[in-house]
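A.B. asks: The structure that follows is given in the form of structure tokens.
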Amino acid sequence: MKNKLSESATEELLKVLKKRFEDNMNRHQDLVWDKIQLKLEANPEKLWSLDEMERTEGEPDVVGYDKKTDEYIFYDCSAESPKSRRSLCYDHEALEKRKENKPNDSALNMAENMGIELLTEEQYRELQKLGKFDTKTSSWIVTPSNVRKLGGALFSDFRYDTVFVYHNGAESYYAARGFRGSLRV
């Protein structure tokens, strides 16, 4: 399997995730780590995606459980937009339109390659109920197709005890803007 961690890398990642889970019980009060770990061990491709989230400084953590689909939900929970996922335009189309000073990648391309999805506006607002995130940075979020067709893209941050949703040209990129991802396991 192409996107599979070694046994030692799996053990190390599970230790990191368990410690983060135990240190942040406010994010998942009614969940039990042992059940989550069993689910993770049964899905090596999802473990690989979580490792990508961790490697790029997203600090993934469990934020919920979907009873209908029997899936645990992970979000990037780093205090600021993940450092190794900044300075990206929104999507591949925007990346191709840039003629000068192209960024290395786009948020949607990178997320797809990692096997995760960008947070939606609703998910971003849910995340902010669990702490204060992006108080100095901002994060691209899923953009409605009608906005994207007109050349725009959405991003969010948290200032003045408020979640703000803004727009920018999809081909723009900034050192303080990255993206946060979600993963269902």
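Here, A, B, ... name the chains of the structure tokens in the order displayed, residue numbers run from 1 inside each chain, and ligands are numbered from 1 in the same displayed order.
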Find the spatial neighbours of range 134-141 of chain A, counting only C-alpha atoms, within a cut-off of 7 Å - ignore same-chain residues fewer than 4 positions away - and output them as number ranges by chain.

C.D. replies: A: 79-81, 90, 118-121, 154-159, 176-180

A.B. asks: Determine which residues of range 18-178 of chain A receive a DSSP assignment of helix (DSSP H, G or I), computed from the backbone, and state them as a PyMOL selection string.

C.D. replies: chain A and resi 18-23+25-27+33-41+44-55+83-85+92-97+107-114+121-128+145-149

A.B. asks: Excluding Asp30 in chain A and its own-chain neighbours fewer than 5 positions away, which residues fall within 10 Å of it when counting only C-alpha atoms? Please give them as a PDB file with N, CA, C and O atoms, in the first residue's frame.

C.D. replies:
```pdb
ATOM      1  N   MET A  25      -9.316  17.097  26.661  1.00  0.00           N
ATOM      2  CA  MET A  25     -10.586  16.379  26.808  1.00  0.00           C
ATOM      3  C   MET A  25     -11.806  17.261  26.521  1.00  0.00           C
ATOM      4  O   MET A  25     -12.865  16.754  26.172  1.00  0.00           O
ATOM      5  N   GLY A  64     -15.101  15.021  17.327  1.00  0.00           N
ATOM      6  CA  GLY A  64     -16.464  14.532  17.329  1.00  0.00           C
ATOM      7  C   GLY A  64     -16.582  13.109  16.829  1.00  0.00           C
ATOM      8  O   GLY A  64     -15.601  12.486  16.410  1.00  0.00           O
ATOM      9  N   TYR A  65     -17.800  12.615  16.902  1.00  0.00           N
ATOM     10  CA  TYR A  65     -18.128  11.270  16.440  1.00  0.00           C
ATOM     11  C   TYR A  65     -19.474  11.334  15.732  1.00  0.00           C
ATOM     12  O   TYR A  65     -20.438  11.897  16.262  1.00  0.00           O
TER      13      TYR A  65
END
```

A.B. asks: How many Å separate CA of Val185 in chain A from CA of Phe74 in chain A?

C.D. replies: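 Interatomic distance here is 7.9 Å.
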
A.B. asks: Please return, as JSON, numbers by chain, all residues of chain A that DSSP assigns to strand (DSSP E or B) on the basis of the backbone.

C.D. replies: {"A": [60, 61, 62, 63, 64, 65, 66, 71, 72, 73, 74, 75, 76, 89, 106, 117, 118, 138, 139, 140, 141, 152, 153, 154, 155, 156, 157, 158, 159, 162, 163, 164, 165, 166, 167, 168, 169, 177, 178, 179, 181, 182, 183, 184]}

A.B. asks: Give me the residues within 10 Å of range 31-41 of chain A as a ChimeraX atom specification, counting only C-alpha atoms and dropping any in the same chain fewer than 2 places off.

C.D. replies: /A:10-11,14,17-19,21-22,25,27-29,43-48,50,62-65,70-72,185

A.B. asks: Please provide as number ranges by chain all residues within 6 Å of Ser87 in chain A, with the sequence filter that same-chain residues fewer than 5 positions apart are discarded (counting only C-alpha atoms).

C.D. replies: A: 173-175
